[in-house]
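Student: I'm passing along target_3.csv; it holds CSV, N, CA, C and O atoms.
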chain,number,residue,atom,x,y,z
A,1,LEU,N,0.8,-1.2,0.0
A,1,LEU,CA,0.0,0.0,0.0
A,1,LEU,C,0.9,1.3,0.0
A,1,LEU,O,0.7,2.2,-0.8
A,2,ILE,N,1.8,1.3,0.9
A,2,ILE,CA,2.7,2.5,1.0
A,2,ILE,C,3.5,2.7,-0.3
A,2,ILE,O,3.5,3.9,-0.8
A,3,PRO,N,4.2,1.7,-0.8
A,3,PRO,CA,5.0,2.0,-2.0
A,3,PRO,C,4.2,2.5,-3.2
A,3,PRO,O,4.6,3.3,-3.9
A,4,GLN,N,3.0,1.9,-3.3
A,4,GLN,CA,2.1,2.3,-4.4
A,4,GLN,C,1.7,3.7,-4.2
A,4,GLN,O,1.6,4.5,-5.2
A,5,ALA,N,1.3,4.1,-3.0
A,5,ALA,CA,0.9,5.5,-2.8
A,5,ALA,C,2.0,6.5,-3.0
A,5,ALA,O,1.8,7.6,-3.6
A,6,VAL,N,3.2,6.1,-2.5
A,6,VAL,CA,4.4,7.0,-2.7
A,6,VAL,C,4.7,7.2,-4.2
A,6,VAL,O,4.9,8.3,-4.7
A,7,THR,N,4.7,6.0,-4.9
A,7,THR,CA,5.0,6.1,-6.3
A,7,THR,C,4.0,6.9,-7.1
A,7,THR,O,4.3,7.8,-7.9
A,8,ALA,N,2.7,6.8,-6.7
A,8,ALA,CA,1.6,7.6,-7.4
A,8,ALA,C,1.8,9.1,-7.0
A,8,ALA,O,1.7,10.0,-7.9
A,9,ALA,N,2.2,9.4,-5.8
A,9,ALA,CA,2.4,10.8,-5.4
A,9,ALA,C,3.6,11.4,-6.2
A,9,ALA,O,3.6,12.6,-6.6
A,10,LEU,N,4.7,10.6,-6.3
A,10,LEU,CA,5.8,11.1,-7.0
A,10,LEU,C,5.5,11.3,-8.5
A,10,LEU,O,5.9,12.3,-9.1
A,11,ASP,N,4.8,10.4,-9.1
A,11,ASP,CA,4.3,10.5,-10.5
A,11,ASP,C,3.5,11.8,-10.6
A,11,ASP,O,3.7,12.5,-11.6
A,12,ASP,N,2.6,12.0,-9.7
A,12,ASP,CA,1.7,13.2,-9.8
A,12,ASP,C,2.5,14.5,-9.7
A,12,ASP,O,2.2,15.5,-10.3
A,13,ALA,N,3.6,14.4,-9.0
A,13,ALA,CA,4.4,15.6,-8.8
A,13,ALA,C,5.5,15.7,-9.9
A,13,ALA,O,6.2,16.8,-10.0
A,14,GLY,N,5.6,14.7,-10.7
A,14,GLY,CA,6.6,14.7,-11.8
A,14,GLY,C,8.0,14.6,-11.3
A,14,GLY,O,8.9,15.1,-11.9
A,15,ILE,N,8.1,13.8,-10.2
A,15,ILE,CA,9.5,13.6,-9.6
A,15,ILE,C,9.8,12.1,-9.6
A,15,ILE,O,8.9,11.3,-9.2
A,16,ALA,N,10.9,11.8,-10.1
A,16,ALA,CA,11.4,10.4,-10.1
A,16,ALA,C,12.0,10.0,-8.8
A,16,ALA,O,12.5,10.9,-8.1
A,17,ALA,N,11.9,8.8,-8.4
A,17,ALA,CA,12.5,8.4,-7.1
A,17,ALA,C,13.9,8.7,-7.0
A,17,ALA,O,14.4,9.1,-6.0
A,18,GLY,N,14.6,8.6,-8.1
A,18,GLY,CA,16.1,9.0,-8.2
A,18,GLY,C,16.3,10.4,-7.9
A,18,GLY,O,17.5,10.8,-7.6
A,19,ASP,N,15.3,11.3,-8.0
A,19,ASP,CA,15.5,12.7,-7.7
A,19,ASP,C,15.3,13.0,-6.2
A,19,ASP,O,15.6,14.2,-5.8
A,20,VAL,N,14.9,12.1,-5.4
A,20,VAL,CA,14.8,12.3,-4.0
A,20,VAL,C,16.1,12.1,-3.3
A,20,VAL,O,16.8,11.1,-3.5
A,21,ASP,N,16.5,13.1,-2.5
A,21,ASP,CA,17.8,13.0,-1.8
A,21,ASP,C,17.7,12.4,-0.4
A,21,ASP,O,18.6,11.8,0.1
A,22,TRP,N,16.6,12.6,0.3
A,22,TRP,CA,16.3,12.1,1.6
A,22,TRP,C,15.0,11.4,1.7
A,22,TRP,O,14.0,12.1,1.2
A,23,PHE,N,14.9,10.3,2.3
A,23,PHE,CA,13.6,9.6,2.4
A,23,PHE,C,13.3,9.4,3.9
A,23,PHE,O,14.1,8.7,4.6
A,24,ILE,N,12.3,10.0,4.4
A,24,ILE,CA,11.9,9.9,5.8
A,24,ILE,C,10.6,9.0,6.0
A,24,ILE,O,9.6,9.4,5.4
A,25,PHE,N,10.7,7.9,6.7
A,25,PHE,CA,9.6,7.1,7.0
A,25,PHE,C,9.8,6.6,8.4
A,25,PHE,O,10.6,5.7,8.6
A,26,ALA,N,8.9,7.0,9.3
A,26,ALA,CA,9.0,6.6,10.7
A,26,ALA,C,8.1,5.4,10.9
A,26,ALA,O,7.0,5.3,10.5
A,27,SER,N,8.7,4.4,11.6
A,27,SER,CA,7.9,3.2,12.0
A,27,SER,C,8.4,2.7,13.3
A,27,SER,O,9.6,2.6,13.5
A,28,PRO,N,7.5,2.3,14.2
A,28,PRO,CA,8.0,1.8,15.5
A,28,PRO,C,8.5,0.3,15.4
A,28,PRO,O,9.1,-0.2,16.3
A,29,ILE,N,8.2,-0.3,14.2
A,29,ILE,CA,8.6,-1.7,14.0
A,29,ILE,C,9.9,-1.7,13.2
A,29,ILE,O,10.0,-1.2,12.1
A,30,ARG,N,11.0,-2.2,13.8
A,30,ARG,CA,12.3,-2.2,13.2
A,30,ARG,C,12.3,-3.0,11.9
A,30,ARG,O,11.7,-4.0,11.8
A,31,GLY,N,12.9,-2.3,10.9
A,31,GLY,CA,13.0,-3.0,9.6
A,31,GLY,C,11.9,-2.5,8.6
A,31,GLY,O,12.1,-2.7,7.4
A,32,VAL,N,10.8,-2.0,9.0
A,32,VAL,CA,9.7,-1.6,8.1
A,32,VAL,C,10.2,-0.5,7.2
A,32,VAL,O,10.0,-0.5,6.0
A,33,ALA,N,10.8,0.5,7.8
A,33,ALA,CA,11.2,1.7,6.9
A,33,ALA,C,12.2,1.2,5.9
A,33,ALA,O,12.2,1.6,4.7
A,34,ALA,N,13.2,0.4,6.3
A,34,ALA,CA,14.2,-0.1,5.3
A,34,ALA,C,13.5,-0.9,4.2
A,34,ALA,O,13.9,-0.8,3.1
A,35,ALA,N,12.5,-1.7,4.6
A,35,ALA,CA,11.9,-2.6,3.6
A,35,ALA,C,11.1,-1.7,2.6
A,35,ALA,O,11.1,-1.9,1.4
A,36,VAL,N,10.4,-0.7,3.1
A,36,VAL,CA,9.7,0.3,2.2
A,36,VAL,C,10.7,1.0,1.3
A,36,VAL,O,10.4,1.1,0.1
A,37,ALA,N,11.7,1.5,1.9
A,37,ALA,CA,12.8,2.2,1.1
A,37,ALA,C,13.3,1.3,0.0
A,37,ALA,O,13.5,1.8,-1.1
A,38,LYS,N,13.6,0.1,0.3
A,38,LYS,CA,14.1,-0.9,-0.7
A,38,LYS,C,13.1,-1.1,-1.8
A,38,LYS,O,13.5,-1.0,-3.0
A,39,GLN,N,11.8,-1.2,-1.5
A,39,GLN,CA,10.8,-1.4,-2.6
A,39,GLN,C,10.7,-0.1,-3.5
A,39,GLN,O,10.4,-0.3,-4.7
A,40,LEU,N,11.0,1.0,-2.9
A,40,LEU,CA,10.9,2.3,-3.7
A,40,LEU,C,12.2,2.6,-4.4
A,40,LEU,O,12.3,3.6,-5.1
A,41,GLY,N,13.3,1.8,-4.1
A,41,GLY,CA,14.6,2.1,-4.7
A,41,GLY,C,15.3,3.3,-4.0
A,41,GLY,O,16.1,4.0,-4.5
A,42,LEU,N,14.9,3.5,-2.7
A,42,LEU,CA,15.4,4.6,-1.9
A,42,LEU,C,16.3,4.2,-0.7
A,42,LEU,O,16.5,5.0,0.2
A,43,SER,N,16.8,3.0,-0.7
A,43,SER,CA,17.5,2.5,0.4
A,43,SER,C,18.7,3.4,0.8
A,43,SER,O,19.0,3.6,2.0
A,44,GLU,N,19.4,3.9,-0.2
A,44,GLU,CA,20.6,4.7,0.0
A,44,GLU,C,20.2,6.1,0.5
A,44,GLU,O,21.1,6.8,1.0
A,45,ARG,N,19.0,6.4,0.4
A,45,ARG,CA,18.5,7.8,0.8
A,45,ARG,C,17.7,7.8,2.1
A,45,ARG,O,17.2,8.8,2.5
A,46,LEU,N,17.6,6.7,2.8
A,46,LEU,CA,16.8,6.5,4.0
A,46,LEU,C,17.4,7.3,5.1
A,46,LEU,O,18.6,7.1,5.4
A,47,ALA,N,16.6,8.2,5.7
A,47,ALA,CA,17.1,9.0,6.9
A,47,ALA,C,17.3,8.1,8.1
A,47,ALA,O,16.7,7.0,8.2
A,48,GLY,N,18.1,8.5,9.0
A,48,GLY,CA,18.3,7.7,10.2
A,48,GLY,C,17.0,7.7,11.0
A,48,GLY,O,16.2,8.6,10.9
A,49,THR,N,16.9,6.6,11.8
A,49,THR,CA,15.6,6.4,12.6
A,49,THR,C,15.6,7.1,13.9
A,49,THR,O,14.5,7.1,14.5
A,50,LEU,N,16.7,7.7,14.4
A,50,LEU,CA,16.7,8.3,15.7
A,50,LEU,C,16.4,7.3,16.8
A,50,LEU,O,15.7,7.7,17.8
A,51,ASP,N,16.8,6.1,16.7
A,51,ASP,CA,16.5,5.1,17.7
A,51,ASP,C,17.0,5.5,19.1
A,51,ASP,O,16.5,5.1,20.1
A,52,GLU,N,18.1,6.3,19.1
A,52,GLU,CA,18.6,6.7,20.4
A,52,GLU,C,17.6,7.6,21.3
A,52,GLU,O,17.8,7.7,22.5
A,53,CYS,N,16.6,8.1,20.6
A,53,CYS,CA,15.6,8.9,21.4
A,53,CYS,C,14.3,8.1,21.7
A,53,CYS,O,13.4,8.6,22.3
A,54,GLY,N,14.3,6.9,21.2
A,54,GLY,CA,13.0,6.1,21.3
A,54,GLY,C,12.0,6.6,20.3
A,54,GLY,O,12.3,7.5,19.6
A,55,TYR,N,10.9,5.9,20.2
A,55,TYR,CA,9.9,6.3,19.2
A,55,TYR,C,9.0,7.3,19.8
A,55,TYR,O,8.4,7.1,20.8
A,56,ALA,N,8.8,8.4,19.1
A,56,ALA,CA,8.0,9.5,19.6
A,56,ALA,C,6.6,9.6,19.0
A,56,ALA,O,6.0,10.7,19.1
A,57,GLY,N,6.1,8.5,18.5
A,57,GLY,CA,4.8,8.5,17.9
A,57,GLY,C,4.6,9.5,16.8
A,57,GLY,O,5.5,9.6,15.9
A,58,VAL,N,3.5,10.2,16.8
A,58,VAL,CA,3.2,11.1,15.6
A,58,VAL,C,4.2,12.2,15.4
A,58,VAL,O,4.4,12.7,14.3
A,59,ALA,N,5.0,12.5,16.5
A,59,ALA,CA,6.0,13.5,16.4
A,59,ALA,C,7.3,13.0,15.7
A,59,ALA,O,8.1,13.8,15.3
A,60,HIS,N,7.5,11.7,15.7
A,60,HIS,CA,8.7,11.1,15.2
A,60,HIS,C,9.2,11.5,13.8
A,60,HIS,O,10.3,11.9,13.6
A,61,PRO,N,8.3,11.5,12.8
A,61,PRO,CA,8.7,11.9,11.5
A,61,PRO,C,9.2,13.4,11.5
A,61,PRO,O,10.1,13.7,10.7
A,62,PHE,N,8.6,14.2,12.3
A,62,PHE,CA,9.1,15.6,12.4
A,62,PHE,C,10.4,15.7,13.1
A,62,PHE,O,11.2,16.6,12.7
A,63,LEU,N,10.7,14.9,14.0
A,63,LEU,CA,12.0,14.9,14.6
A,63,LEU,C,13.1,14.4,13.6
A,63,LEU,O,14.2,14.9,13.5
A,64,MET,N,12.7,13.4,12.8
A,64,MET,CA,13.6,12.9,11.8
A,64,MET,C,13.8,14.0,10.7
A,64,MET,O,14.9,14.2,10.2
A,65,LEU,N,12.7,14.8,10.4
A,65,LEU,CA,12.8,15.9,9.5
A,65,LEU,C,13.8,16.9,10.0
A,65,LEU,O,14.7,17.5,9.3
A,66,ALA,N,13.7,17.3,11.3
A,66,ALA,CA,14.6,18.3,11.9
A,66,ALA,C,16.1,17.8,11.7
A,66,ALA,O,17.0,18.6,11.4
A,67,ASP,N,16.3,16.5,12.0
A,67,ASP,CA,17.6,15.9,11.9
A,67,ASP,C,18.1,16.0,10.4
A,67,ASP,O,19.3,16.4,10.2
A,68,VAL,N,17.3,15.7,9.5
A,68,VAL,CA,17.7,15.8,8.0
A,68,VAL,C,17.9,17.2,7.6
A,68,VAL,O,18.9,17.5,6.9
A,69,LEU,N,17.1,18.1,8.1
A,69,LEU,CA,17.3,19.5,7.7
A,69,LEU,C,18.7,20.1,8.2
A,69,LEU,O,19.3,21.0,7.6
A,70,ASP,N,19.1,19.5,9.3
A,70,ASP,CA,20.5,19.9,9.8
A,70,ASP,C,21.6,19.4,8.9
A,70,ASP,O,22.7,20.0,8.9
A,71,ARG,N,21.3,18.4,8.1
A,71,ARG,CA,22.4,17.8,7.3
A,71,ARG,C,22.2,18.0,5.8
A,71,ARG,O,23.1,17.9,5.0
A,72,ALA,N,21.0,18.3,5.4
A,72,ALA,CA,20.7,18.5,4.0
A,72,ALA,C,21.3,19.7,3.4
A,72,ALA,O,21.6,20.7,4.1
A,73,GLU,N,21.6,19.7,2.1
A,73,GLU,CA,22.2,20.8,1.4
A,73,GLU,C,21.0,21.6,0.7
A,73,GLU,O,20.0,21.0,0.4
A,74,PRO,N,21.2,22.9,0.5
A,74,PRO,CA,20.2,23.6,-0.3
A,74,PRO,C,19.9,23.0,-1.6
A,74,PRO,O,20.8,22.5,-2.3
A,75,GLY,N,18.6,22.9,-1.9
A,75,GLY,CA,18.2,22.3,-3.2
A,75,GLY,C,17.9,20.8,-3.2
A,75,GLY,O,17.4,20.3,-4.1
A,76,GLN,N,18.3,20.2,-2.1
A,76,GLN,CA,18.0,18.7,-2.0
A,76,GLN,C,16.5,18.5,-1.7
A,76,GLN,O,15.9,19.3,-1.1
A,77,ARG,N,16.0,17.4,-2.3
A,77,ARG,CA,14.6,17.1,-2.1
A,77,ARG,C,14.5,16.1,-1.0
A,77,ARG,O,15.2,15.1,-0.9
A,78,ILE,N,13.5,16.3,-0.1
A,78,ILE,CA,13.2,15.5,1.0
A,78,ILE,C,11.8,15.0,0.9
A,78,ILE,O,10.8,15.7,0.7
A,79,LEU,N,11.7,13.7,1.0
A,79,LEU,CA,10.4,13.0,0.9
A,79,LEU,C,10.1,12.4,2.3
A,79,LEU,O,10.8,11.6,2.8
A,80,MET,N,9.0,12.9,2.9
A,80,MET,CA,8.6,12.4,4.2
A,80,MET,C,7.2,11.8,4.1
A,80,MET,O,6.3,12.3,3.5
A,81,VAL,N,7.2,10.5,4.5
A,81,VAL,CA,5.9,9.7,4.4
A,81,VAL,C,5.5,9.3,5.8
A,81,VAL,O,6.3,8.9,6.6
A,82,GLY,N,4.2,9.4,6.0
A,82,GLY,CA,3.6,8.9,7.3
A,82,GLY,C,2.5,8.0,7.0
A,82,GLY,O,1.8,8.1,6.0
A,83,PHE,N,2.3,7.0,7.9
A,83,PHE,CA,1.2,6.0,7.7
A,83,PHE,C,0.8,5.6,9.1
A,83,PHE,O,1.6,5.1,9.9
A,84,GLY,N,-0.5,5.7,9.4
A,84,GLY,CA,-1.1,5.2,10.6
A,84,GLY,C,-0.6,5.8,11.9
A,84,GLY,O,-0.8,5.3,13.0
A,85,LEU,N,0.0,7.0,11.8
A,85,LEU,CA,0.5,7.7,13.0
A,85,LEU,C,-0.7,8.1,13.9
A,85,LEU,O,-1.6,8.9,13.4
A,86,GLY,N,-0.7,7.7,15.1
A,86,GLY,CA,-1.7,8.1,16.0
A,86,GLY,C,-3.0,7.3,16.0
A,86,GLY,O,-3.9,7.6,16.7
A,87,ALA,N,-3.1,6.4,15.1
A,87,ALA,CA,-4.3,5.6,15.0
A,87,ALA,C,-4.3,4.4,16.0
A,87,ALA,O,-3.3,3.9,16.3
A,88,GLU,N,-5.5,4.1,16.5
A,88,GLU,CA,-5.7,3.0,17.4
A,88,GLU,C,-6.8,2.2,17.0
A,88,GLU,O,-7.8,2.6,16.4
A,89,ALA,N,-6.7,0.9,17.2
A,89,ALA,CA,-7.8,-0.1,16.8
A,89,ALA,C,-8.7,-0.2,18.0
A,89,ALA,O,-8.4,-0.1,19.1
Go ahead and express the file in the form of structure tokens.
Tutor:
Amino acid sequence: LIPQAVTAALDDAGIAAGDVDWFIFASPIRGVAAAVAKQLGLSERLAGTLDECGYAGVAHPFLMLADVLDRAEPGQRILMVGFGLGAEA
């Protein structure tokens, strides 16, 4: 579901996955972000997970974004994806 939605969003924006410099995807389940990045061809662009601070729920992707913004160069493209943040069954 996530790779298809991301691919459609990139297509709609006219951006190829190869044009993305940083990929942010927060997940409390170890390995999910890496698996999604691999499916999208963005493994080398996956942002760090900030495991050292623990998982911060809905705020976590924004903490990751702050970390990436500290390291990104002007003009680089950052793709931030969220899924199910804050949802409960």
Student: If you run DSSP on this backbone, which residues of chain A come out as strand (DSSP E), and could you give them as an MDAnalysis selection string?
Tutor: chainID A and resid 22:25 78:81
Student: I need the chosen residues saved as a JSON list (two decimals), in the coordinates of the input, with N, CA, C and O atoms.
Tutor:
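See out30.json below for the written result:
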[["chain", "number", "residue", "atom", "x", "y", "z"],
["A", 22, "TRP", "N", 16.60, 12.60, 0.30],
["A", 22, "TRP", "CA", 16.30, 12.10, 1.60],
["A", 22, "TRP", "C", 15.00, 11.40, 1.70],
["A", 22, "TRP", "O", 14.00, 12.10, 1.20],
["A", 23, "PHE", "N", 14.90, 10.30, 2.30],
["A", 23, "PHE", "CA", 13.60, 9.60, 2.40],
["A", 23, "PHE", "C", 13.30, 9.40, 3.90],
["A", 23, "PHE", "O", 14.10, 8.70, 4.60],
["A", 24, "ILE", "N", 12.30, 10.00, 4.40],
["A", 24, "ILE", "CA", 11.90, 9.90, 5.80],
["A", 24, "ILE", "C", 10.60, 9.00, 6.00],
["A", 24, "ILE", "O", 9.60, 9.40, 5.40],
["A", 25, "PHE", "N", 10.70, 7.90, 6.70],
["A", 25, "PHE", "CA", 9.60, 7.10, 7.00],
["A", 25, "PHE", "C", 9.80, 6.60, 8.40],
["A", 25, "PHE", "O", 10.60, 5.70, 8.60],
["A", 78, "ILE", "N", 13.50, 16.30, -0.10],
["A", 78, "ILE", "CA", 13.20, 15.50, 1.00],
["A", 78, "ILE", "C", 11.80, 15.00, 0.90],
["A", 78, "ILE", "O", 10.80, 15.70, 0.70],
["A", 79, "LEU", "N", 11.70, 13.70, 1.00],
["A", 79, "LEU", "CA", 10.40, 13.00, 0.90],
["A", 79, "LEU", "C", 10.10, 12.40, 2.30],
["A", 79, "LEU", "O", 10.80, 11.60, 2.80],
["A", 80, "MET", "N", 9.00, 12.90, 2.90],
["A", 80, "MET", "CA", 8.60, 12.40, 4.20],
["A", 80, "MET", "C", 7.20, 11.80, 4.10],
["A", 80, "MET", "O", 6.30, 12.30, 3.50],
["A", 81, "VAL", "N", 7.20, 10.50, 4.50],
["A", 81, "VAL", "CA", 5.90, 9.70, 4.40],
["A", 81, "VAL", "C", 5.50, 9.30, 5.80],
["A", 81, "VAL", "O", 6.30, 8.90, 6.60]]
Student: From the set A:Phe23, A:Asp70, A:Ala8, A:Phe62, which residue has the shortest atom-to-atom contact distance to Gly48 in chain A, counting all atoms listed in the file?
Tutor: A:Phe23
Student: Which neighbours of Pro28 in chain A fall inside 8 Å, counting only N, CA, C and O atoms, when residues of the same chain fewer than 4 positions from it are skipped, and could you give them as a PyMOL selection string?
Tutor: chain A and resi 32-33+54-57+83
Student: Using only N, CA, C and O atoms, find the one residue out of A:Ser27, A:Gly84, A:Val36, A:Ser43 that sits nearest to Pro61 in chain A.
Tutor: A:Ser27
Student: Please return, as a count of residues only, all residues of chain A that DSSP assigns to alpha helix (DSSP H) on the basis of the backbone.
Tutor: 33
